[in-house]
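Student: What follows is query27.txt, compact mmCIF, C-alpha atoms.
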```txt
# COMPACT_ATOMS: atom_id res chain seq x y z
CA MET A 1 64.65 92.39 116.93
CA ALA A 2 67.59 92.39 119.31
CA ASP A 3 70.11 95.05 120.18
CA VAL A 4 73.76 94.10 120.28
CA THR A 5 75.58 94.61 123.56
CA ILE A 6 78.71 96.70 123.18
CA VAL A 7 81.43 96.16 125.76
CA ALA A 8 83.18 99.48 125.27
CA ALA A 9 86.26 98.53 127.28
CA ASP A 10 86.76 95.50 125.02
CA VAL A 11 86.39 97.29 121.68
CA ARG A 12 89.48 96.83 119.52
CA PRO A 13 90.21 97.37 115.83
CA LEU A 14 91.52 94.09 114.41
CA GLU A 15 94.28 93.50 111.89
CA GLY A 16 93.69 94.90 108.44
CA CYS A 17 90.91 97.34 109.24
CA ILE A 18 90.85 100.88 107.86
CA ILE A 19 90.90 103.58 110.53
CA ARG A 20 90.47 107.31 110.20
CA ARG A 21 90.53 109.98 112.90
CA PHE A 22 87.58 112.34 113.28
CA THR A 23 86.36 114.90 115.78
CA SER A 24 83.53 113.80 118.00
CA GLY A 25 80.37 115.86 117.66
CA ASP A 26 78.62 114.01 120.41
CA THR A 27 79.28 111.76 123.37
CA ILE A 28 80.30 108.51 121.69
CA GLY A 29 80.99 105.17 123.31
CA MET A 30 83.56 102.94 121.68
CA GLY A 31 81.90 100.37 119.43
CA GLN A 32 78.97 102.60 118.52
CA PRO A 33 78.09 103.34 114.88
CA VAL A 34 78.71 106.92 113.76
CA TYR A 35 77.74 109.20 110.87
CA LEU A 36 79.16 112.49 109.65
CA SER A 37 77.34 115.35 111.40
CA ALA A 38 79.79 117.94 109.96
CA ALA A 39 82.99 117.83 107.94
CA ASP A 40 85.36 115.35 109.60
CA THR A 41 83.03 115.25 112.59
CA VAL A 42 81.09 112.21 113.71
CA SER A 43 78.03 111.73 115.87
CA LEU A 44 75.97 108.72 116.83
CA ALA A 45 74.20 107.10 113.87
CA ASP A 46 70.42 106.88 114.17
CA GLY A 47 68.17 104.86 111.87
CA SER A 48 65.11 106.97 112.56
CA ALA A 49 66.18 109.58 109.97
CA VAL A 50 67.86 109.13 106.59
CA THR A 51 70.77 111.52 107.01
CA THR A 52 71.70 110.25 110.45
CA SER A 53 71.45 106.66 109.22
CA PHE A 54 74.39 107.05 106.83
CA ALA A 55 76.84 105.36 109.19
CA ILE A 56 80.45 105.41 108.02
CA GLY A 57 81.82 103.03 110.62
CA VAL A 58 82.19 102.40 114.34
CA ALA A 59 84.20 104.30 116.93
CA VAL A 60 87.12 102.28 118.27
CA ALA A 61 89.57 104.51 120.14
CA THR A 62 90.29 107.83 121.77
CA PRO A 63 93.77 109.30 122.10
CA ASP A 64 93.81 108.60 125.85
CA GLY A 65 92.50 105.06 125.55
CA GLY A 66 89.17 105.89 127.12
CA SER A 67 85.95 104.06 126.40
CA SER A 68 84.05 107.18 125.35
CA ALA A 69 84.66 110.54 123.68
CA VAL A 70 82.84 113.78 124.36
CA SER A 71 82.09 116.50 121.83
CA GLY A 72 85.25 118.11 120.50
CA GLU A 73 87.56 115.21 121.31
CA ALA A 74 89.36 113.13 118.72
CA VAL A 75 87.95 109.69 117.98
CA ASP A 76 89.26 106.93 115.72
CA VAL A 77 86.69 105.23 113.52
CA VAL A 78 86.95 101.89 111.71
CA ILE A 79 85.54 102.58 108.26
CA ALA A 80 85.96 99.00 107.06
CA GLY A 81 87.17 95.76 108.59
CA PRO A 82 86.86 93.63 111.70
CA VAL A 83 86.25 95.07 115.16
CA ALA A 84 86.08 93.12 118.44
CA GLY A 85 84.15 94.07 121.57
CA TYR A 86 80.56 92.95 121.08
CA SER A 87 78.69 90.34 123.09
CA THR A 88 74.98 89.54 123.50
CA GLY A 89 73.20 89.52 120.15
CA MET A 90 76.37 89.33 118.07
CA ALA A 91 76.63 86.22 115.88
CA TYR A 92 78.35 84.98 112.74
CA ASN A 93 76.68 85.45 109.37
CA THR A 94 74.10 87.85 110.76
CA LEU A 95 73.60 91.24 109.16
CA PHE A 96 73.55 94.14 111.60
CA TYR A 97 71.86 97.49 111.18
CA VAL A 98 71.79 101.00 112.57
CA ASP A 99 68.93 101.04 115.07
CA ASN A 100 66.35 103.75 115.61
CA ASP A 101 68.03 104.45 118.95
CA ALA A 102 71.14 106.54 118.36
CA GLY A 103 74.38 104.60 118.60
CA VAL A 104 72.72 101.22 118.85
CA ILE A 105 73.41 98.23 116.59
CA ALA A 106 70.55 95.77 116.08
CA ASP A 107 69.80 92.66 114.06
CA ALA A 108 66.76 94.32 112.46
CA THR A 109 66.62 97.43 110.36
CA GLY A 110 65.73 100.87 111.60
CA THR A 111 63.27 103.10 109.78
CA ALA A 112 66.02 104.05 107.35
CA ARG A 113 67.86 100.87 106.44
CA THR A 114 71.64 100.93 106.83
CA ILE A 115 73.65 97.75 107.20
CA ILE A 116 76.62 98.49 109.45
CA GLY A 117 78.24 95.10 108.88
CA ILE A 118 78.13 91.35 109.30
CA GLY A 119 79.01 89.29 112.35
CA LEU A 120 82.09 87.07 112.09
CA SER A 121 81.76 85.44 115.52
CA ALA A 122 80.08 86.01 118.88
CA SER A 123 82.27 89.05 119.55
CA VAL A 124 83.55 90.37 116.20
CA LEU A 125 81.74 92.60 113.71
CA HIS A 126 83.08 93.08 110.20
CA VAL A 127 82.31 96.76 109.57
CA HIS A 128 80.99 97.12 106.02
CA PRO A 129 78.39 99.90 105.74
CA ILE A 130 75.75 99.59 103.04
CA TRP A 131 73.33 102.50 102.76
CA VAL A 132 70.06 101.05 101.48
CA THR A 133 67.51 103.79 102.20
CA LEU A 134 68.82 106.80 100.31
CA THR A 135 65.95 109.29 100.54
CA MET B 1 74.90 84.96 82.16
CA ALA B 2 78.56 84.03 82.20
CA ASP B 3 80.67 82.41 84.87
CA ILE B 4 84.06 83.89 85.67
CA THR B 5 87.04 81.61 85.26
CA ILE B 6 89.16 81.43 88.38
CA VAL B 7 92.84 80.59 87.87
CA ALA B 8 93.52 79.41 91.40
CA ALA B 9 97.30 79.33 90.97
CA ASP B 10 97.23 83.00 89.96
CA VAL B 11 95.00 84.26 92.78
CA ARG B 12 96.76 86.98 94.77
CA PRO B 13 95.61 89.64 97.24
CA LEU B 14 96.71 93.02 95.92
CA ASN B 15 98.00 96.07 97.73
CA GLY B 16 95.53 97.73 100.09
CA CYS B 17 93.11 94.87 100.62
CA ILE B 18 91.76 93.77 104.00
CA ILE B 19 92.62 90.15 104.82
CA ARG B 20 91.44 88.03 107.71
CA ARG B 21 92.20 84.40 108.52
CA PHE B 22 89.33 81.92 108.91
CA THR B 23 88.90 78.15 109.18
CA ALA B 24 87.59 76.34 106.12
CA GLY B 25 84.29 74.59 106.75
CA GLY B 26 84.53 72.68 103.46
CA ALA B 27 86.69 72.35 100.39
CA ILE B 28 87.52 75.81 99.02
CA THR B 29 89.57 76.80 96.00
CA MET B 30 91.46 80.08 96.04
CA GLY B 31 89.49 82.83 94.31
CA MET B 32 86.09 81.48 95.30
CA PRO B 33 83.57 83.66 97.16
CA VAL B 34 82.93 82.46 100.69
CA ALA B 35 80.24 82.82 103.36
CA LEU B 36 80.22 82.09 107.07
CA SER B 37 78.97 78.63 108.03
CA ALA B 38 79.95 78.98 111.68
CA ALA B 39 81.86 81.50 113.79
CA ASP B 40 85.12 82.31 112.01
CA THR B 41 84.47 79.45 109.56
CA VAL B 42 83.84 79.83 105.84
CA VAL B 43 82.45 77.70 103.01
CA PRO B 44 81.88 78.46 99.31
CA ALA B 45 79.08 81.03 98.94
CA ASP B 46 75.92 79.82 97.21
CA ALA B 47 73.14 82.09 95.98
CA THR B 48 70.48 79.39 96.16
CA ASP B 49 70.39 79.81 99.93
CA CYS B 50 69.93 83.19 101.58
CA THR B 51 72.32 82.60 104.45
CA LEU B 52 74.99 81.16 102.19
CA SER B 53 74.54 84.06 99.79
CA PHE B 54 75.94 86.49 102.38
CA ALA B 55 79.43 86.31 100.92
CA ILE B 56 82.01 88.12 103.04
CA GLY B 57 84.86 87.99 100.55
CA VAL B 58 87.03 85.66 98.46
CA ALA B 59 89.58 83.05 99.54
CA VAL B 60 93.11 84.04 98.58
CA ALA B 61 95.71 82.00 100.44
CA THR B 62 96.50 78.98 102.54
CA PRO B 63 99.34 78.79 105.06
CA ASP B 64 101.28 76.42 102.76
CA GLY B 65 100.67 78.38 99.58
CA GLY B 66 98.33 75.78 98.10
CA THR B 67 95.43 76.47 95.76
CA THR B 68 92.81 74.63 97.78
CA VAL B 69 91.91 73.95 101.38
CA VAL B 70 89.84 71.24 102.96
CA SER B 71 87.60 71.45 106.00
CA GLY B 72 89.50 72.39 109.12
CA GLU B 73 92.42 74.11 107.41
CA ALA B 74 93.21 77.81 107.72
CA VAL B 75 92.34 80.07 104.83
CA ASP B 76 92.95 83.77 104.29
CA VAL B 77 90.02 85.76 102.94
CA VAL B 78 90.03 89.20 101.33
CA LEU B 79 87.09 91.05 102.89
CA GLU B 80 87.61 94.21 100.85
CA GLY B 81 89.94 95.28 98.09
CA PRO B 82 91.55 94.11 94.86
CA VAL B 83 92.31 90.47 94.07
CA ALA B 84 94.05 89.11 90.96
CA GLY B 85 93.63 85.67 89.41
CA TYR B 86 90.54 85.77 87.22
CA SER B 87 90.35 85.33 83.46
CA THR B 88 87.53 84.51 81.04
CA ASN B 89 84.57 86.92 81.36
CA MET B 90 86.31 89.18 83.88
CA ALA B 91 86.29 92.78 82.69
CA HIS B 92 86.42 96.31 84.00
CA ASN B 93 83.27 97.97 85.29
CA ILE B 94 81.04 94.90 85.46
CA MET B 95 79.16 93.87 88.56
CA LEU B 96 79.98 90.37 89.72
CA PHE B 97 77.61 88.18 91.69
CA VAL B 98 77.49 85.04 93.78
CA ASP B 99 76.19 82.29 91.51
CA ASP B 100 73.66 79.54 92.21
CA ASP B 101 76.54 77.07 91.92
CA ALA B 102 78.56 77.14 95.13
CA GLY B 103 81.86 78.98 94.87
CA VAL B 104 81.17 80.38 91.42
CA ILE B 105 81.28 84.07 90.45
CA CYS B 106 78.96 85.15 87.67
CA THR B 107 78.06 88.25 85.69
CA THR B 108 74.38 87.93 86.63
CA ALA B 109 72.67 87.54 89.98
CA GLY B 110 71.73 84.17 91.39
CA ALA B 111 68.45 83.36 93.12
CA LYS B 112 69.57 85.53 96.04
CA ASP B 113 71.15 88.72 94.83
CA THR B 114 74.61 89.34 96.32
CA VAL B 115 77.22 91.47 94.60
CA ILE B 116 80.68 90.14 95.40
CA GLY B 117 82.50 92.97 93.69
CA ILE B 118 83.28 94.84 90.51
CA GLY B 119 85.80 94.05 87.80
CA LEU B 120 88.81 96.36 87.53
CA SER B 121 90.47 94.68 84.52
CA THR B 122 90.48 91.37 82.69
CA SER B 123 92.12 89.66 85.66
CA VAL B 124 91.39 91.74 88.76
CA MET B 125 88.24 92.01 90.85
CA TYR B 126 87.67 94.63 93.53
CA VAL B 127 85.99 92.68 96.34
CA HIS B 128 83.15 94.69 97.84
CA PRO B 129 80.20 92.57 98.95
CA ILE B 130 76.71 94.05 98.84
CA TRP B 131 73.95 91.95 100.32
CA ILE B 132 70.74 92.79 98.49
CA ASN B 133 68.30 89.95 99.20
CA LEU B 134 68.11 89.91 102.97
CA THR B 135 65.50 87.20 103.40
```
Written as structure tokens, that's how I'd like the structure from this file.

Tutor:
Amino acid sequence: MADVTIVAADVRPLEGCIIRRFTSGDTIGMGQPVYLSAADTVSLADGSAVTTSFAIGVAVATPDGGSSAVSGEAVDVVIAGPVAGYSTGMAYNTLFYVDNDAGVIADATGTARTIIGIGLSASVLHVHPIWVTLT
Amino acid sequence: MADITIVAADVRPLNGCIIRRFTAGGAITMGMPVALSAADTVVPADATDCTLSFAIGVAVATPDGGTTVVSGEAVDVVLEGPVAGYSTNMAHNIMLFVDDDAGVICTTAGAKDTVIGIGLSTSVMYVHPIWINLT
């Protein structure tokens, strides 16, 4: 099991992805997987519990271009599509999961299994959440 | 079990889909499901092999508008969304799978179970990969 390194300053949504703006319910670094902690509010996804494992995408931008958002700030989330900004551990044709550590992406499943996407290259993740553990 | 007929000349990405350009790692006909054989490189998906069963989408276009590509050429792939160009055995509300024959879409699962999408009509598939057999 290996965690994926996120280079927050390098995180970029790539052409064709679907982006939606949410309110941050937590401190969120760009590139981290997020779930809905309240209506239109996202917090760091965490595979150690079912509800927090239901990742909807990864954070990619704040209105001021920062690399992190604090609670109450706006944050743009890629719900589907390619996102750049990953390094160590990222690889093509590898499925990636929500880890048991909040906000971490790993190549092995957490306690509650959620696939966050598939690697397209050594730096690009195709965000495509699949919620496997439902209860 | 029924294979879906692909009419390569009729394959078109439809409004709202997510498209990304890759390099072909082998001969690919438009409409075929594809998997990653190397970083940013795709080949026909094949459910007899777990890694090749991880289809990421379907090939839809070449830079010159042709119906096939050979290894090394660019190919546009729909990662998510509706694609036209299918005929016999395509129908609304049926799950469509990666077949044990490379590049074939079928109405039943292959040895490794990967859903490539769901039929919307007699000619249109909504591409939405779900990787079920992970090992």

Student: Could you give me, as CSV, a per-residue list for chain B showing, wherever an atom lies at most 10 Å from an atom of chain A, the closest pair of atoms and their distance in Å to one decimal, using all atoms listed in the file and sorting by chain then residue number from low to high?

Tutor:
```
residue,atom,partner,partner_atom,distance
B:Gly16,CA,A:Gly16,CA,9.0
B:Cys17,CA,A:Gly16,CA,7.8
B:Ile18,CA,A:Gly16,CA,5.0
B:Ile19,CA,A:Gly16,CA,6.1
B:Arg20,CA,A:Gly16,CA,7.3
B:Arg21,CA,A:Glu15,CA,9.9
B:Phe22,CA,A:Leu120,CA,9.4
B:Ala35,CA,A:Asn93,CA,7.5
B:Leu36,CA,A:Asn93,CA,5.4
B:Ser37,CA,A:Asn93,CA,7.3
B:Ala38,CA,A:Tyr92,CA,6.3
B:Ala39,CA,A:Ser121,CA,4.3
B:Asp40,CA,A:Leu120,CA,5.6
B:Thr41,CA,A:Leu120,CA,8.4
B:Val42,CA,A:Leu120,CA,9.7
B:Thr51,CA,A:Asn93,CA,7.2
B:Leu52,CA,A:Asn93,CA,8.5
B:Ser53,CA,A:Asn93,CA,9.9
B:Phe54,CA,A:Asn93,CA,7.1
B:Ala55,CA,A:Asn93,CA,8.9
B:Ile56,CA,A:Ile118,CA,8.0
B:Val78,CA,A:Gly16,CA,9.8
B:Leu79,CA,A:Gly81,CA,7.4
B:Glu80,CA,A:Gly81,CA,7.9
B:His128,CA,A:His128,CA,8.8
B:Pro129,CA,A:His128,CA,8.4
B:Ile130,CA,A:Ile130,CA,7.0
B:Trp131,CA,A:Ile130,CA,8.3
B:Ile132,CA,A:Val132,CA,8.8
B:Leu134,CA,A:Leu95,CA,8.4
```

Student: I'd like the box whose edges run along x, y and z of the file and which contains every listed atom of stretch 6-25 of chain A, padded by 3 Å per side; could you state its centre and edge lengths in Å, one decimal, as JSON?

Tutor:
```
{"center_x": 86.5, "center_y": 104.7, "center_z": 117.6, "size_x": 21.6, "size_y": 28.4, "size_z": 25.4}
```

Student: Nearest to A:Thr109 among A:Pro13, A:Gly72, A:Gly31, A:Gly47, with distances taken over only C-alpha atoms: which residue is it?

Tutor: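 Checking each candidate against A:Thr109, we get A:Gly47 as the closest.
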
Student: Can you pull out every residue within 7 Å of A:Ile28, counting all atoms listed in the file, but drop anything in the same chain fewer than 3 positions away, and send it as a list in words?

Tutor: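 My list of contacting residues is Gln32, Leu44, Ser68, Ala69 and Val70 of chain A.
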
Student: Just give me the gap between atom CA of A:Val60 and atom CA of A:Met30 in Å, one decimal is fine.

Tutor: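 Computing the Euclidean distance for atom CA of A:Val60 and atom CA of A:Met30 yields 5.0 Å.
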
Student: I'd like the contact shell of B:Ala111 - 7 Å cut-off, only C-alpha atoms, skipping same-chain residues fewer than 3 positions apart - returned as number ranges by chain.

Tutor: B: 47-48, 100

Student: Can you measure atom CA of B:Thr68 to atom CA of A:Ala84 for me? One decimal in Å is fine.

Tutor: 28.5 Å

Student: Start from the incomplete input, build N, CA and C atoms for stretch 64-93 of chain B, and deliver everything as a PDB file, in the coordinates of the input.

Tutor:
```
ATOM      1  N   ASP B  64     100.207  77.103 103.506  1.00  0.00           N
ATOM      2  CA  ASP B  64     101.280  76.420 102.760  1.00  0.00           C
ATOM      3  C   ASP B  64     101.361  76.861 101.300  1.00  0.00           C
ATOM      4  N   GLY B  65     100.607  77.873 100.938  1.00  0.00           N
ATOM      5  CA  GLY B  65     100.670  78.380  99.580  1.00  0.00           C
ATOM      6  C   GLY B  65      99.927  77.534  98.556  1.00  0.00           C
ATOM      7  N   GLY B  66      99.099  76.626  99.008  1.00  0.00           N
ATOM      8  CA  GLY B  66      98.330  75.780  98.100  1.00  0.00           C
ATOM      9  C   GLY B  66      97.191  76.530  97.434  1.00  0.00           C
ATOM     10  N   THR B  67      96.542  75.847  96.485  1.00  0.00           N
ATOM     11  CA  THR B  67      95.430  76.470  95.760  1.00  0.00           C
ATOM     12  C   THR B  67      94.079  76.035  96.282  1.00  0.00           C
ATOM     13  N   THR B  68      94.073  75.083  97.194  1.00  0.00           N
ATOM     14  CA  THR B  68      92.810  74.630  97.780  1.00  0.00           C
ATOM     15  C   THR B  68      93.003  74.355  99.272  1.00  0.00           C
ATOM     16  N   VAL B  69      91.892  74.380  99.972  1.00  0.00           N
ATOM     17  CA  VAL B  69      91.910  73.950 101.380  1.00  0.00           C
ATOM     18  C   VAL B  69      90.762  72.973 101.578  1.00  0.00           C
ATOM     19  N   VAL B  70      90.920  72.134 102.581  1.00  0.00           N
ATOM     20  CA  VAL B  70      89.840  71.240 102.960  1.00  0.00           C
ATOM     21  C   VAL B  70      89.337  71.654 104.333  1.00  0.00           C
ATOM     22  N   SER B  71      88.222  71.089 104.724  1.00  0.00           N
ATOM     23  CA  SER B  71      87.600  71.450 106.000  1.00  0.00           C
ATOM     24  C   SER B  71      88.598  71.330 107.151  1.00  0.00           C
ATOM     25  N   GLY B  72      88.638  72.392 107.948  1.00  0.00           N
ATOM     26  CA  GLY B  72      89.500  72.390 109.120  1.00  0.00           C
ATOM     27  C   GLY B  72      90.807  73.140 108.924  1.00  0.00           C
ATOM     28  N   GLU B  73      91.183  73.391 107.678  1.00  0.00           N
ATOM     29  CA  GLU B  73      92.420  74.110 107.410  1.00  0.00           C
ATOM     30  C   GLU B  73      92.205  75.628 107.499  1.00  0.00           C
ATOM     31  N   ALA B  74      93.283  76.348 107.706  1.00  0.00           N
ATOM     32  CA  ALA B  74      93.210  77.810 107.720  1.00  0.00           C
ATOM     33  C   ALA B  74      93.137  78.336 106.291  1.00  0.00           C
ATOM     34  N   VAL B  75      92.433  79.439 106.148  1.00  0.00           N
ATOM     35  CA  VAL B  75      92.340  80.070 104.830  1.00  0.00           C
ATOM     36  C   VAL B  75      92.217  81.585 105.018  1.00  0.00           C
ATOM     37  N   ASP B  76      92.995  82.310 104.231  1.00  0.00           N
ATOM     38  CA  ASP B  76      92.950  83.770 104.290  1.00  0.00           C
ATOM     39  C   ASP B  76      91.927  84.290 103.294  1.00  0.00           C
ATOM     40  N   VAL B  77      91.119  85.233 103.753  1.00  0.00           N
ATOM     41  CA  VAL B  77      90.020  85.760 102.940  1.00  0.00           C
ATOM     42  C   VAL B  77      90.169  87.274 102.794  1.00  0.00           C
ATOM     43  N   VAL B  78      90.076  87.749 101.559  1.00  0.00           N
ATOM     44  CA  VAL B  78      90.030  89.200 101.330  1.00  0.00           C
ATOM     45  C   VAL B  78      88.597  89.666 101.559  1.00  0.00           C
ATOM     46  N   LEU B  79      88.420  90.525 102.568  1.00  0.00           N
ATOM     47  CA  LEU B  79      87.090  91.050 102.890  1.00  0.00           C
ATOM     48  C   LEU B  79      86.762  92.275 102.051  1.00  0.00           C
ATOM     49  N   GLU B  80      87.797  92.969 101.618  1.00  0.00           N
ATOM     50  CA  GLU B  80      87.610  94.210 100.850  1.00  0.00           C
ATOM     51  C   GLU B  80      88.895  94.494 100.094  1.00  0.00           C
ATOM     52  N   GLY B  81      88.761  94.859  98.825  1.00  0.00           N
ATOM     53  CA  GLY B  81      89.940  95.280  98.090  1.00  0.00           C
ATOM     54  C   GLY B  81      90.205  94.440  96.851  1.00  0.00           C
ATOM     55  N   PRO B  82      91.288  94.755  96.140  1.00  0.00           N
ATOM     56  CA  PRO B  82      91.550  94.110  94.860  1.00  0.00           C
ATOM     57  C   PRO B  82      92.215  92.740  94.976  1.00  0.00           C
ATOM     58  N   VAL B  83      91.779  91.835  94.125  1.00  0.00           N
ATOM     59  CA  VAL B  83      92.310  90.470  94.070  1.00  0.00           C
ATOM     60  C   VAL B  83      92.546  90.094  92.612  1.00  0.00           C
ATOM     61  N   ALA B  84      93.723  89.577  92.303  1.00  0.00           N
ATOM     62  CA  ALA B  84      94.050  89.110  90.960  1.00  0.00           C
ATOM     63  C   ALA B  84      93.821  87.602  90.853  1.00  0.00           C
ATOM     64  N   GLY B  85      93.707  87.110  89.611  1.00  0.00           N
ATOM     65  CA  GLY B  85      93.630  85.670  89.410  1.00  0.00           C
ATOM     66  C   GLY B  85      92.402  85.200  88.649  1.00  0.00           C
ATOM     67  N   TYR B  86      91.734  86.128  87.987  1.00  0.00           N
ATOM     68  CA  TYR B  86      90.540  85.770  87.220  1.00  0.00           C
ATOM     69  C   TYR B  86      90.842  85.918  85.732  1.00  0.00           C
ATOM     70  N   SER B  87      90.064  85.232  84.900  1.00  0.00           N
ATOM     71  CA  SER B  87      90.350  85.330  83.460  1.00  0.00           C
ATOM     72  C   SER B  87      89.054  85.447  82.671  1.00  0.00           C
ATOM     73  N   THR B  88      88.654  84.424  81.955  1.00  0.00           N
ATOM     74  CA  THR B  88      87.530  84.510  81.040  1.00  0.00           C
ATOM     75  C   THR B  88      86.301  85.165  81.670  1.00  0.00           C
ATOM     76  N   ASN B  89      85.772  86.159  80.983  1.00  0.00           N
ATOM     77  CA  ASN B  89      84.570  86.920  81.360  1.00  0.00           C
ATOM     78  C   ASN B  89      84.811  87.990  82.416  1.00  0.00           C
ATOM     79  N   MET B  90      86.008  88.061  82.973  1.00  0.00           N
ATOM     80  CA  MET B  90      86.310  89.180  83.880  1.00  0.00           C
ATOM     81  C   MET B  90      86.605  90.413  83.035  1.00  0.00           C
ATOM     82  N   ALA B  91      86.096  91.543  83.456  1.00  0.00           N
ATOM     83  CA  ALA B  91      86.290  92.780  82.690  1.00  0.00           C
ATOM     84  C   ALA B  91      86.094  93.974  83.617  1.00  0.00           C
ATOM     85  N   HIS B  92      86.580  95.108  83.192  1.00  0.00           N
ATOM     86  CA  HIS B  92      86.420  96.310  84.000  1.00  0.00           C
ATOM     87  C   HIS B  92      84.962  96.769  84.016  1.00  0.00           C
ATOM     88  N   ASN B  93      84.569  97.331  85.152  1.00  0.00           N
ATOM     89  CA  ASN B  93      83.270  97.970  85.290  1.00  0.00           C
ATOM     90  C   ASN B  93      82.073  97.051  85.078  1.00  0.00           C
TER      91      ASN B  93
END
```
